[in-house]
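**Student:** First the structure, then my questions, so here it is.
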Amino acid sequence: MGASPSPADRALSRPRHRLIAALTALLALAAVGTLALLDIRPPTPRPPDAPAGEFSAGRAYAHVPVVAGQRHAAGSPANDEVRAYLEAELRKLGLSTEVQDTVAEEAGQLSGAAGGATLARVRNVVARLGGTDPTGTVFLVAHYDAVQSGPGGNDNGAGVATVLEVARALTSGPTPRNDLVFVLTDAEEACLCGASAFAADHPLAAGKGVVLNLEARGRTGPVIMFETSPENAALVDVFGRAAPHPVGTSFAVEVYRALPNDTDFTAFLDHGFSGLNSAYLDGGAIYHTPLDTPDSMDRASLQHHGDNALGLAREFGRIDLGDLQAGHDATYFPVPGGLARYPGPLGLPLALLALAGVILLGWLARRRGRVTGGRLAAGFGLALLPIVVAPLGAQLLWTMITAIRPGYAMLLDPYRPTWYRLAVLALAAAVLFAWYALTRRRVGPAALAIGGLGWLALLGVLLAVLVPGGAYLATLPALAGALAGLIAVATRVDGPVPVIAVTLAGAVAVIILLPIVVLLFPALGMEMGGVAALFAVLLGLAALPVVDLLHPEAGGQRGMVALRARRLGALPAGAATLAAVVLAGVGLAVDRFDAAHPAPTHLMYALDADTGQARWLSIESDPQPWTAEYVDGPVSIADDFPGFGRDELLGGPAQAATLPAPRLEVLADTSTAGQRTLRLRLTPQRQVRLTALHVDTSTATVRSVQVAGRPVPIEKREGRWGFGVVFHAPPPDGIEITLTVEPKAAQVALRATDVSDGLDELPGFRPRPPDVGVVGSHTSEMLAVTRTYPL
């Protein structure tokens, strides 16, 4: 006969009918998890004959093949066609429509690496729906240009189509109280210059207002409101009550604020606007590639975009916009049926309360004989292991997978990532189950459960101090777990109350943590799958008393009984490990590169007109076989091609094409007081996407610069060409640049470069095979010609 369990081995619950309790608790958590995931799923798309006042993905999608029927980078003839179409569609709705045609500077840091000030000629399409009694202005914003390497079916055909359909729905109903302005910006992909121009200079932007920016960084998935202006509590309250499908989390806002990423929303924030930024993110493998076609779009994601944008436009159009100053951020996250939210300043008090609750639970459990002090300390120390090991294991798994399939390193996410995501989750479960099976008998279930809650509570405090919007992810599960533990310890251990309490606490953890685990995968990509694994383990620790129900009753077993108990306890870990291996293997078998899912490659061509030498260049660090036919080793190009913005690339010799270099004309040349002023015209001699002029700072020190009549900041960088100007979408007659310099030599050396796209007509270029594709990069297929002008 086995000995009775020692007090130190007791769990928080010991139901009489363990198997029934385990199945019931697991089914309850599965049901809650299903509801949580269904709640963030995009809605069913509405057909073209939906009521006029509703958003219809069917109607909106009709615009996408026109907007994204071909590549249309800023300044291209194709982009001119898109702009004309947008003007006509907005005028059909009876809206006052105009084109803002101007030159603007870069917002954010997209192009600064190219060496100096970045500008563009932009032509924004702007339409206005006047309000009946305006208290401010609501701006619906989406960019209509596309990256040079793809047609932009999702990025940003989805945003443009949404704006057009929302405008139609609004004009078909009652006139709103506040002014609504529809802004379709130019040159977002180049430099955010269109948004910068509108926010800084357009008369309709003078009074600021609320911006709803619409984006896409994939082809499917829920639309996530991932960025807000500071002090967002009032904005989030509107989002929670007016968006029909509010998916967003204050943790995402905190993370995005810390990342060096930019959208048009950046330019509006820089100029003092408030607002919300939304996008769908899943399916990132096609992002900025030729595969971003209209056919790739998930209409459900488009419907999600439109439902939320229309609901928010109506609500912001109705309320007094002067009442949106909250003075603090909100903490918020999706829950079944809506968006939970509370004032952000409560984050630290709640975190400290959760920590106090866990400490109280440990004290009471020890006092009631559930744990000893030593085992409580051991449980806390050992609970750190899965928190560390699971993320590291996930990163190691992905390293092994990319070693087998190197092309993944050039993708935001695999084409079919679901199997790999499930493999990471299975690996996290395997780590948690193995850790629990190995430590449970020696330390005891109660000590491990309280130790896990301790780490959650500590993490909550840390997040509340460093990343306040993310503190809820640890604080609320810890608080719920501490409360459930206190109920379990204070009641009969073998009754139903402890099982119900720990199951409810597990449900809180599932509602809070499961959506973030699912949303993190497309947001960060498999390269950072360890972050999702971390939160999956935190979910497991929060639900540890329910996990314990999968194991035989703790304590006292000896001989064959103990051996059988250990074997049964090892089953979950073994099953999860096997699942991780199988799922990763299925991912490798299913997600192969083929004509529909090509291996990404990167190639550029650069011609030095001074020497007549040309090179193939690539940003790939471990070149794909196709790329390796053109490049054979690292090269330094900073002195020859300063506009490329990289000191070292892979390079190889190329045949020189017959291509004209940009022309630099001296319109005026004057000297006074030791300074020389050069008024120049830089004119491309072919259709180009951008042109650049760099100054050899060993021959002159730049004192002031004007481009197209606009003064620009002097930004210096290392190397010979220490100052430069990059101009996107230059007009056919060129751009005027005025340089004032202090000469250091008899001649000032200037390097003129222009860039177009497409390699097909170059000598020596062999078209890609069907299973070889183009990586989503602003420099893919780039063709540059450069020449030095000594003046």
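By order of appearance in the structure tokens: chains A, B, ..., then residues from 1 within every chain, and ligands from 1 in the order shown.
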Could you give me, as number ranges by chain, the residues within 9 Å of A:Arg416, counting only C-alpha atoms and dropping anything in the same chain fewer than 4 positions from it?
**Tutor:** A: 283, 285, 420, 587, 590-591
**Student:** I want to know what sits within 6 Å of stretch 152-158 of chain A, based on only C-alpha atoms, with residues of the same chain fewer than 2 positions away left out; could you give that as number ranges by chain?
**Tutor:** A: 64, 68, 146, 150, 160-161, 216, 292-294
**Student:** Which residues, written as JSON, numbers by chain, have at least one atom at most 8 Å from A:Ala428, with only C-alpha atoms counted and residues fewer than 4 positions away on the same chain left out?
**Tutor:** {"A": [390, 391, 393, 394, 424, 432, 533, 534, 536, 537]}
**Student:** Give one line per residue of stretch 6-107 of chain A that approaches stretch 177-200 of chain A to at most 8 Å, naming the two atoms of the closest pair and their distance in Å to one decimal, counting only C-alpha atoms; sort by chain then ascending residue number and deliver it as CSV.
**Tutor:**
residue,atom,partner,partner_atom,distance
A:Ala73,CA,A:Ala187,CA,7.6
A:Ala74,CA,A:Ala187,CA,5.2
A:Gln100,CA,A:Phe198,CA,7.8
A:Thr102,CA,A:Ala197,CA,7.4
A:Val103,CA,A:Ala197,CA,7.3
A:Ala104,CA,A:Ala197,CA,5.2
A:Glu105,CA,A:Cys193,CA,5.6
A:Glu106,CA,A:Cys191,CA,4.9
A:Ala107,CA,A:Leu192,CA,5.4
**Student:** What's the 8 Å shell around A:Gly357, counting only C-alpha atoms, without same-chain residues fewer than 4 positions away, as a list in words?
**Tutor:**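 Here the qualifying residues turn out to be Leu353, Leu361, Leu479, Ala482 and Leu483 of chain A.
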**Student:** Considering only C-alpha atoms, state which residue in the set A:Glu87, A:Asp264, A:Asp413, A:Asp771 is at the smallest distance from A:His597.
**Tutor:** A:Asp771
**Student:** So which residues touch stretch 608-619 of chain A within 6 Å, counting only C-alpha atoms, skipping near sequence neighbours fewer than 2 positions away, as a PyMOL selection string?
**Tutor:** chain A and resi 602-606+649-654+656+786-787
**Student:** Running DSSP on the backbone, which parts of stretch 139-236 of chain A land in helix (DSSP H, G or I), as a PyMOL selection string?
**Tutor:** chain A and resi 157-171+188-191+193-201+203-205+233-236
**Student:** With a distance cut-off of 10 Å and only C-alpha atoms, select the neighbouring residues of A:Ile512, excluding the residue or stretch itself and same-chain residues fewer than 5 positions from it, and output the selection as a ChimeraX atom specification.
**Tutor:** /A:33,36,333-335,340,472-474,476-477,506-507,517,539
**Student:** May I have the residues within 9 Å of A:Arg681 as number ranges by chain, using only C-alpha atoms and disregarding those fewer than 3 positions away in the same chain?
**Tutor:** A: 663-667, 733-738
**Student:** Which of these, A:Thr97, A:Ser229, A:Asn277, A:Gln148, has the shortest distance to A:Val126 once you count only C-alpha atoms?
**Tutor:**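 Closest candidate: A:Thr97.
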**Student:** What parts of stretch 17-164 of chain A does DSSP call strand (DSSP E or B)? I'd like the answer as an MDAnalysis selection string.
**Tutor:** chainID A and resid 96:105 117:129 137:143
**Student:** Can you list every residue of stretch 239-296 of chain A that has an atom at most 10 Å from stretch 132-140 of chain A, with its nearest atom pair and the distance in Å to one decimal, using only C-alpha atoms, ordered by chain then number, as a tab-separated table?
**Tutor:**
residue	atom	partner	partner_atom	distance
A:Phe273	CA	A:Phe139	CA	9.9
A:Ser274	CA	A:Val138	CA	9.8
A:Gly275	CA	A:Phe139	CA	8.9
**Student:** What is the distance, in Å and to one decimal place, between atom CA of A:Glu315 and atom CA of A:Ala242?
**Tutor:**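 Rounded to one decimal, the two atoms are 6.3 Å apart.
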**Student:** Identify which of the residues A:Ala30, A:Ala446, A:Ile286, A:Leu164 lies closest to A:Ala62, counting only C-alpha atoms when measuring atom-to-atom distances.
**Tutor:** A:Leu164
